[in-house]
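Below is the file run-v7.cif, which contains mmCIF, C-alpha atoms.
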```cif
data_coords
#
loop_
_atom_site.label_atom_id
_atom_site.label_comp_id
_atom_site.auth_asym_id
_atom_site.auth_seq_id
_atom_site.Cartn_x
_atom_site.Cartn_y
_atom_site.Cartn_z
CA MET A 426 24.61 -13.41 -13.46
CA VAL A 427 22.74 -15.82 -11.24
CA GLU A 428 19.29 -16.73 -12.58
CA ARG A 429 16.64 -15.60 -10.11
CA GLN A 430 14.12 -18.31 -9.30
CA SER A 431 10.43 -17.57 -9.09
CA PRO A 432 8.54 -18.56 -5.95
CA LEU A 433 5.52 -19.20 -8.19
CA GLU A 434 7.26 -21.82 -10.29
CA PRO A 435 5.62 -25.03 -8.94
CA GLU A 436 2.18 -23.45 -9.47
CA TYR A 437 2.91 -21.46 -12.63
CA HIS A 438 1.11 -23.34 -15.41
CA VAL A 439 1.24 -21.54 -18.74
CA GLY A 440 -1.96 -21.93 -20.78
CA SER A 441 -5.69 -21.38 -20.48
CA HIS A 442 -7.54 -22.56 -17.40
CA GLY A 443 -10.95 -22.57 -15.78
CA ASN A 444 -14.11 -21.68 -17.60
CA PHE A 445 -12.54 -20.34 -20.82
CA GLU A 446 -14.87 -21.92 -23.41
CA HIS A 447 -16.48 -18.51 -23.99
CA GLY A 448 -13.17 -16.69 -24.07
CA VAL A 449 -10.39 -15.79 -21.68
CA GLU A 450 -11.24 -12.74 -19.57
CA ILE A 451 -8.18 -12.64 -17.31
CA LEU A 452 -4.48 -12.70 -18.14
CA LEU A 453 -2.10 -13.54 -15.31
CA THR A 454 1.64 -13.03 -15.54
CA GLU A 455 4.60 -12.63 -13.27
CA THR A 456 6.36 -9.49 -14.44
CA ARG A 457 9.69 -10.29 -12.75
CA PRO A 458 11.11 -6.75 -12.53
CA GLY A 459 14.88 -6.62 -12.13
CA SER A 460 14.59 -4.02 -9.39
CA ILE A 461 11.98 -3.20 -6.77
CA VAL A 462 12.96 -0.35 -4.47
CA GLN A 463 11.18 1.30 -1.59
CA LEU A 464 11.98 4.95 -0.92
CA ALA A 465 11.06 6.89 2.20
CA ALA A 466 11.54 10.62 2.80
CA TRP A 467 12.18 12.19 6.16
CA PRO A 468 9.42 14.63 7.15
CA GLY A 469 9.66 17.74 4.99
CA GLU A 470 11.94 16.12 2.39
CA GLU A 471 9.17 14.62 0.25
CA LYS A 472 9.60 17.07 -2.65
CA LYS A 473 13.32 16.27 -2.88
CA LEU A 474 12.55 12.55 -2.98
CA ILE A 475 9.97 13.06 -5.73
CA ALA A 476 12.62 15.06 -7.64
CA ALA A 477 15.07 12.17 -7.15
CA ILE A 478 12.52 9.76 -8.65
CA ARG A 479 12.20 12.07 -11.65
CA ALA A 480 15.99 12.27 -12.00
CA VAL A 481 16.68 8.53 -11.69
CA ALA A 482 13.60 6.89 -13.17
CA GLY A 483 12.41 9.70 -15.42
CA LEU A 484 8.93 9.56 -13.89
CA ALA A 485 7.31 12.84 -12.79
CA LEU A 486 4.92 11.69 -10.07
CA PRO A 487 1.64 13.58 -9.67
CA ASP A 488 0.90 15.25 -6.35
CA GLY A 489 -1.37 13.62 -3.82
CA ALA A 490 -1.91 10.36 -2.00
CA GLY A 491 -1.19 7.22 -3.99
CA GLY A 492 -0.12 9.20 -7.06
CA GLY A 493 1.93 7.19 -9.53
CA LEU A 494 3.07 6.65 -13.07
CA SER A 495 4.30 3.86 -15.31
CA ASP A 496 6.09 4.02 -18.65
CA GLY A 497 6.01 0.29 -19.26
CA ALA A 498 9.58 -0.42 -18.17
CA LYS A 499 9.65 1.68 -15.00
CA SER A 500 6.85 2.26 -12.51
CA ALA A 501 6.55 4.39 -9.38
CA PHE A 502 3.75 5.14 -6.95
CA GLY A 503 3.18 6.48 -3.46
CA PHE A 504 1.92 3.90 -0.98
CA ALA A 505 2.14 5.85 2.29
CA PRO A 506 2.90 9.43 3.35
CA GLY A 507 6.38 10.21 2.02
CA LYS A 508 6.96 6.63 0.86
CA PHE A 509 7.20 5.29 -2.67
CA THR A 510 7.69 2.01 -4.49
CA VAL A 511 9.72 2.11 -7.69
CA ALA A 512 10.17 -0.89 -9.99
CA ASP A 513 12.28 -1.29 -13.10
CA GLU A 514 12.71 -4.08 -15.65
CA ALA A 515 16.47 -3.58 -15.35
CA GLU A 516 18.59 -4.34 -12.32
CA GLY A 517 20.60 -1.77 -10.40
CA LEU A 518 17.87 0.71 -9.44
CA ALA A 519 18.78 0.66 -5.74
CA ALA A 520 22.39 1.60 -6.48
CA ALA A 521 21.25 4.42 -8.77
CA PHE A 522 18.93 5.80 -6.08
CA ALA A 523 21.54 5.45 -3.35
CA ARG A 524 23.70 7.95 -5.25
CA VAL A 525 20.92 10.56 -5.37
CA VAL A 526 18.88 9.98 -2.20
CA THR A 527 21.34 11.22 0.40
CA PRO A 528 20.94 10.30 4.08
CA ALA A 529 19.60 13.82 4.65
CA ILE A 530 16.71 13.20 2.25
CA GLY A 531 15.58 9.72 3.18
CA THR A 532 16.20 6.01 2.82
CA VAL A 533 16.48 3.47 0.00
CA THR A 534 15.51 -0.16 0.60
CA ASP A 535 16.19 -2.75 -2.07
CA LEU A 536 13.24 -5.17 -2.15
CA SER A 537 14.06 -6.78 -5.52
CA HIS A 538 14.30 -10.19 -3.89
CA GLY A 539 11.68 -9.52 -1.23
CA ARG A 540 8.62 -8.92 -3.38
CA THR A 541 6.98 -10.78 -6.23
CA ALA A 542 5.16 -8.77 -8.89
CA ILE A 543 2.02 -10.30 -10.36
CA ARG A 544 0.13 -8.68 -13.23
CA ILE A 545 -3.59 -9.22 -13.67
CA ALA A 546 -5.11 -7.89 -16.86
CA GLY A 547 -8.30 -8.26 -18.83
CA PRO A 548 -11.91 -7.08 -18.83
CA LYS A 549 -12.66 -8.91 -15.57
CA ALA A 550 -9.52 -7.77 -13.67
CA GLU A 551 -11.42 -5.23 -11.56
CA TRP A 552 -14.09 -7.80 -10.85
CA VAL A 553 -11.66 -10.51 -9.71
CA LEU A 554 -9.66 -8.08 -7.54
CA ALA A 555 -12.86 -6.83 -5.92
CA LYS A 556 -13.24 -10.35 -4.51
CA PHE A 557 -9.88 -9.95 -2.78
CA PHE A 558 -9.64 -6.39 -1.56
CA ALA A 559 -12.21 -4.10 0.04
CA ILE A 560 -11.21 -1.04 -1.98
CA ASP A 561 -12.79 0.75 -4.91
CA PHE A 562 -11.27 -0.46 -8.19
CA ALA A 563 -13.46 1.69 -10.45
CA LEU A 564 -11.41 3.88 -12.78
CA PRO A 565 -12.55 7.27 -11.35
CA ALA A 566 -11.61 6.19 -7.81
CA PHE A 567 -8.43 4.35 -8.82
CA PRO A 568 -6.90 6.14 -11.81
CA VAL A 569 -4.25 4.68 -14.11
CA GLY A 570 -0.80 4.93 -12.51
CA ALA A 571 -2.12 5.26 -8.96
CA GLY A 572 -1.06 2.93 -6.16
CA ARG A 573 -2.86 1.47 -3.15
CA SER A 574 -1.65 -0.48 -0.16
CA THR A 575 -4.04 -2.94 1.41
CA THR A 576 -4.20 -6.51 2.67
CA HIS A 577 -5.76 -9.80 1.69
CA HIS A 578 -6.09 -12.05 4.74
CA ASP A 579 -3.02 -10.44 6.32
CA VAL A 580 -1.01 -10.72 3.10
CA PHE A 581 0.11 -7.16 2.59
CA ALA A 582 -0.26 -6.06 -1.02
CA GLN A 583 0.68 -2.97 -2.97
CA ILE A 584 -1.39 -2.52 -6.09
CA GLN A 585 -0.65 -0.20 -8.99
CA ARG A 586 -3.05 0.31 -11.85
CA THR A 587 -0.88 0.20 -14.97
CA GLY A 588 -3.72 0.27 -17.50
CA THR A 589 -7.48 0.73 -17.62
CA ASP A 590 -7.88 -3.01 -17.13
CA GLN A 591 -4.45 -3.93 -15.82
CA PHE A 592 -3.06 -4.03 -12.29
CA ASP A 593 0.39 -4.91 -10.92
CA ILE A 594 0.32 -6.45 -7.44
CA TYR A 595 3.43 -6.54 -5.26
CA VAL A 596 3.26 -9.18 -2.51
CA PHE A 597 5.80 -10.61 -0.10
CA ARG A 598 7.82 -13.25 -1.88
CA SER A 599 7.16 -15.79 0.88
CA PHE A 600 3.39 -15.37 0.49
CA ALA A 601 3.45 -15.07 -3.29
CA ARG A 602 2.72 -18.69 -4.19
CA SER A 603 -0.24 -18.90 -1.86
CA PHE A 604 -1.56 -15.57 -3.16
CA TRP A 605 -1.02 -16.71 -6.76
CA LYS A 606 -3.01 -19.90 -6.17
CA ALA A 607 -5.85 -17.88 -4.66
CA LEU A 608 -5.76 -15.52 -7.64
CA CYS A 609 -5.95 -18.47 -10.05
CA HIS A 610 -8.91 -19.96 -8.17
CA ALA A 611 -10.69 -16.60 -8.16
CA SER A 612 -10.15 -16.25 -11.93
CA GLU A 613 -11.40 -19.74 -12.79
CA GLU A 614 -15.05 -18.82 -13.22
CA VAL A 615 -14.31 -16.21 -15.92
CA GLY A 616 -11.55 -18.17 -17.64
CA TYR A 617 -7.91 -17.12 -17.32
CA GLU A 618 -4.68 -17.53 -19.20
CA VAL A 619 -1.23 -17.69 -17.68
CA GLN A 620 1.44 -16.31 -20.01
CA MET B 1427 -16.90 -0.01 10.83
CA LEU B 1428 -15.05 2.14 8.31
CA ILE B 1429 -12.15 4.43 9.19
CA THR B 1430 -11.31 7.07 6.59
CA CYS B 1431 -7.52 7.11 6.52
CA PRO B 1432 -6.28 10.59 5.54
CA TYR B 1433 -3.93 8.93 3.02
CA CYS B 1434 -5.77 5.83 1.80
CA GLY B 1435 -9.42 6.84 2.06
CA PRO B 1436 -12.22 4.78 3.62
CA ARG B 1437 -11.02 1.33 4.67
CA ASP B 1438 -12.49 -1.53 6.67
CA VAL B 1439 -11.56 -1.64 10.34
CA ILE B 1440 -9.85 -5.01 9.71
CA GLU B 1441 -6.92 -3.08 8.19
CA PHE B 1442 -6.37 -1.08 11.39
CA THR B 1443 -4.76 -1.90 14.73
CA TYR B 1444 -5.91 -0.22 17.92
CA GLN B 1445 -2.96 1.42 19.63
CA GLY B 1446 -4.71 2.54 22.76
CA ASP B 1447 -6.30 5.47 24.49
CA GLY B 1448 -5.36 8.81 22.94
CA ASN B 1449 -5.90 10.76 26.16
CA ARG B 1450 -2.95 9.37 28.09
CA GLU B 1451 0.15 11.42 28.61
CA ARG B 1452 3.31 9.48 29.27
CA PRO B 1453 5.41 10.81 32.18
CA ASP B 1454 9.06 11.61 31.60
CA PRO B 1455 10.78 8.17 31.40
CA VAL B 1456 13.13 9.13 34.27
CA SER B 1457 10.27 10.31 36.42
CA GLN B 1458 9.72 8.52 39.72
CA ASN B 1459 6.34 10.05 40.26
CA PHE B 1460 4.45 6.82 40.93
CA GLU B 1461 1.07 8.50 40.91
CA ALA B 1462 1.70 9.84 37.43
CA TRP B 1463 2.85 6.40 36.23
CA ASN B 1464 -0.13 4.74 37.87
CA ALA B 1465 -2.46 7.17 36.13
CA TYR B 1466 -0.70 6.57 32.80
CA VAL B 1467 -0.98 2.81 33.06
CA TYR B 1468 -4.40 2.36 34.69
CA ASP B 1469 -6.59 5.44 34.66
CA ARG B 1470 -9.05 5.63 31.76
CA LEU B 1471 -11.89 8.03 31.09
CA ASN B 1472 -14.16 5.27 29.78
CA PRO B 1473 -16.65 7.73 28.26
CA ALA B 1474 -20.07 6.81 26.90
CA GLY B 1475 -19.64 8.95 23.81
CA ASP B 1476 -16.74 10.48 21.88
CA HIS B 1477 -13.38 8.97 22.74
CA ASN B 1478 -9.88 9.97 21.59
CA GLU B 1479 -8.02 6.94 20.27
CA ILE B 1480 -4.79 6.08 18.50
CA TRP B 1481 -5.06 3.64 15.59
CA GLN B 1482 -2.45 2.43 13.14
CA HIS B 1483 -3.33 1.69 9.53
CA SER B 1484 -1.23 -1.44 9.80
CA GLY B 1485 -2.77 -3.10 6.75
CA GLY B 1486 -2.29 -0.06 4.54
CA CYS B 1487 -0.03 2.98 4.70
CA ARG B 1488 1.07 2.11 8.25
CA ALA B 1489 0.55 5.68 9.47
CA HIS B 1490 -0.55 6.29 13.05
CA LEU B 1491 -3.85 8.09 13.32
CA ARG B 1492 -5.69 10.14 15.90
CA VAL B 1493 -9.30 8.96 15.75
CA VAL B 1494 -12.35 10.23 17.61
CA ARG B 1495 -14.80 7.34 17.91
CA ASN B 1496 -18.17 7.32 19.61
CA THR B 1497 -18.16 4.35 21.97
CA LEU B 1498 -21.96 4.06 21.79
CA THR B 1499 -22.46 4.21 18.02
CA HIS B 1500 -18.95 3.54 16.59
CA GLU B 1501 -19.37 6.71 14.59
CA ILE B 1502 -15.98 8.14 13.64
CA SER B 1503 -16.12 11.93 13.83
CA SER B 1504 -12.49 12.77 13.03
CA VAL B 1505 -9.32 11.12 11.74
CA ALA B 1506 -5.92 12.82 11.47
CA PHE B 1507 -2.28 11.82 11.24
CA VAL B 1508 -0.66 11.67 14.68
CA ARG B 1509 2.28 13.36 13.00
CA GLY B 1510 0.59 16.43 11.62
CA ASP B 1511 3.27 17.16 9.04
CA HIS B 1512 1.96 14.38 6.82
CA GLY B 1513 -0.73 16.87 5.86
CA SER B 1514 0.89 17.70 2.53
CA ALA B 1515 0.72 14.05 1.51
CA ALA B 1516 -2.94 13.74 2.35
CA ARG B 1517 -5.58 12.59 -0.02
CA SER B 1518 -7.62 15.07 -2.01
CA LYS B 1519 -5.38 16.54 -4.69
CA ALA B 1520 -4.87 13.79 -7.27
CA GLU B 1521 -7.43 11.39 -5.89
CA ASP B 1522 -10.62 13.30 -5.60
CA LYS B 1523 -10.50 14.89 -9.00
CA PRO B 1524 -13.10 13.17 -11.16
#
```

As a first step, turn the structure in this file into structure tokens.
Amino acid sequence: MVERQSPLEPEYHVGSHGNFEHGVEILLTETRPGSIVQLAAWPGEEKKLIAAIRAVAGLALPDGAGGGLSDGAKSAFGFAPGKFTVADEAEGLAAAFARVVTPAIGTVTDLSHGRTAIRIAGPKAEWVLAKFFAIDFALPAFPVGAGRSTTHHDVFAQIQRTGTDQFDIYVFRSFARSFWKALCHASEEVGYEVQ
Amino acid sequence: MLITCPYCGPRDVIEFTYQGDGNRERPDPVSQNFEAWNAYVYDRLNPAGDHNEIWQHSGGCRAHLRVVRNTLTHEISSVAFVRGDHGSAARSKAEDKP
């Protein structure tokens, strides 16, 4: 298997950085999922697509806009009407979905090489992200598992909350290094660690 | 200016792209009725008040929206999916529970 290279590599410096004398309040990692897949249902076929996600990924998505779920290895969330992002640590998710999501139900787009997944965790994660995105990161407004699509200076980002103080951000691979550098700068004042 | 996307909730106008006047009706593409085409391309109501507009949430869920905006105050009085059948996906169920 060919080793996949990270677009963050030249700027990915493991260790503690910034103002960390009083403790590290942000953890930054690249999660490098083996598969990132985007699913879209034709109008009226949404329920069948949600059933397909349950069958393939074992995740029973909650109803409603931006509803999502993560079991640690696999994650799924809605990011637009009838559209979902599903990620898996293992490869081969697109092929598995292609067998279940028939052309009558909707479409499967393999974005494994097109997106970079960055995880920001720690007590100041909400606070740092609030500097980037004009959306409400408070837990009642953005529950665990839920997804949001928004932009930071025209860099489109899909964000899933995978813990009370943990978020996974999916950005275009070509913008990922620039976004990563901005995220590091924004985390400097509270002290961050790259793992 | 905030637009409350039926899927994403209230978002800054910077995430949206204006797609034009929502009052226009496009003539049949094979139509040679030049008056109808002229009206479609040039005629605008230009109201001082509520105006029907089409916006796309291009920096979010990418859905096209029918928006009624007051041209004097920028107050948004209604937002709906252009394609009404997105209704089942709309915000409210999972999101607005405390």

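With distances restricted to only C-alpha atoms, A:Arg586 is the closest residue to A:Ala563 from A:Arg586, A:Thr527, A:Glu455, A:Lys606.
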
(message) I'd like to see the residues matched by the PyMOL selection byres ((chain A and resi 505) around 8) on this file, and ideally I'd get them as a ChimeraX atom specification.
(response) /A:490-491,503-504,506-509,574 /B:1433-1434,1486-1489

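When all atoms listed in the file are used to measure the gap to A:Trp605, the shortest distance among A:Ala542, A:Pro568, A:Asp513, A:Val533 belongs to A:Ala542.
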
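With distances restricted to all atoms listed in the file, B:Asp1476 is the closest residue to B:Asn1496 from B:Ser1484, B:Gly1446, B:Asp1476, B:Gly1510.
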
(request) Quick one: pull the distance between atom CA of A:Gly489 and atom CA of A:Phe597, Å, one decimal. (result) 25.5 Å

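Take atom CA of A:Leu564 and atom CA of A:Gly497: the distance between them is 18.9 Å.
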
(request) Please report as a PyMOL selection string which residues of chain A come no farther than 12 Å from chain B, using all atoms listed in the file. (result) chain A and resi 466-472+475+486-493+503-509+558-561+563-584

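The two atoms in question, atom CA of A:Ile594 and atom CA of A:Asn444, are spaced 23.3 Å apart.
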
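Taking all atoms listed in the file into account, A:Gly539 lies nearest to A:Tyr595 out of the set A:Leu453, A:Leu474, A:Ala607, A:Tyr595.
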
(request) Pick out the residues sitting within 10 Å of A:Gly517, and hand them over as number ranges by chain; count all atoms listed in the file, and ignore anything fewer than 5 positions along from it in its own chain. (result) A: 459-462, 522, 535, 537

(message) Quick one: residues within 10 Å of B:Val1439, only C-alpha atoms, excluding same-chain residues fewer than 3 positions away - as a VMD selection string?
(response) chain B and resid 1427 to 1430 1436 1442 to 1444 1481 1483 1485

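Note on the selection: in this file the PyMOL selection byres ((chain A and resi 545) around 7) comes out as Ile451, Leu452, Leu453, Thr454, Ile543, Arg544, Ala546, Ala550, Gln591, Phe592 and Asp593 of chain A.
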
(request) May I have the protein, DNA and RNA residues with any atom at most 12 Å from the point (16.2, -16.6, -9.4), counting only C-alpha atoms, written as a PyMOL selection string? (result) chain A and resi 426-434+457-459+537-539+541+598

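With distances restricted to all atoms listed in the file, B:His1477 is the closest residue to B:Asn1449 from B:His1500, B:Arg1495, B:His1490, B:His1477.
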
(request) Identify which of the residues A:Thr456, A:Val439, A:Ala476, A:Thr587 lies closest to A:Ser495, counting only C-alpha atoms when measuring atom-to-atom distances. (result) A:Thr587
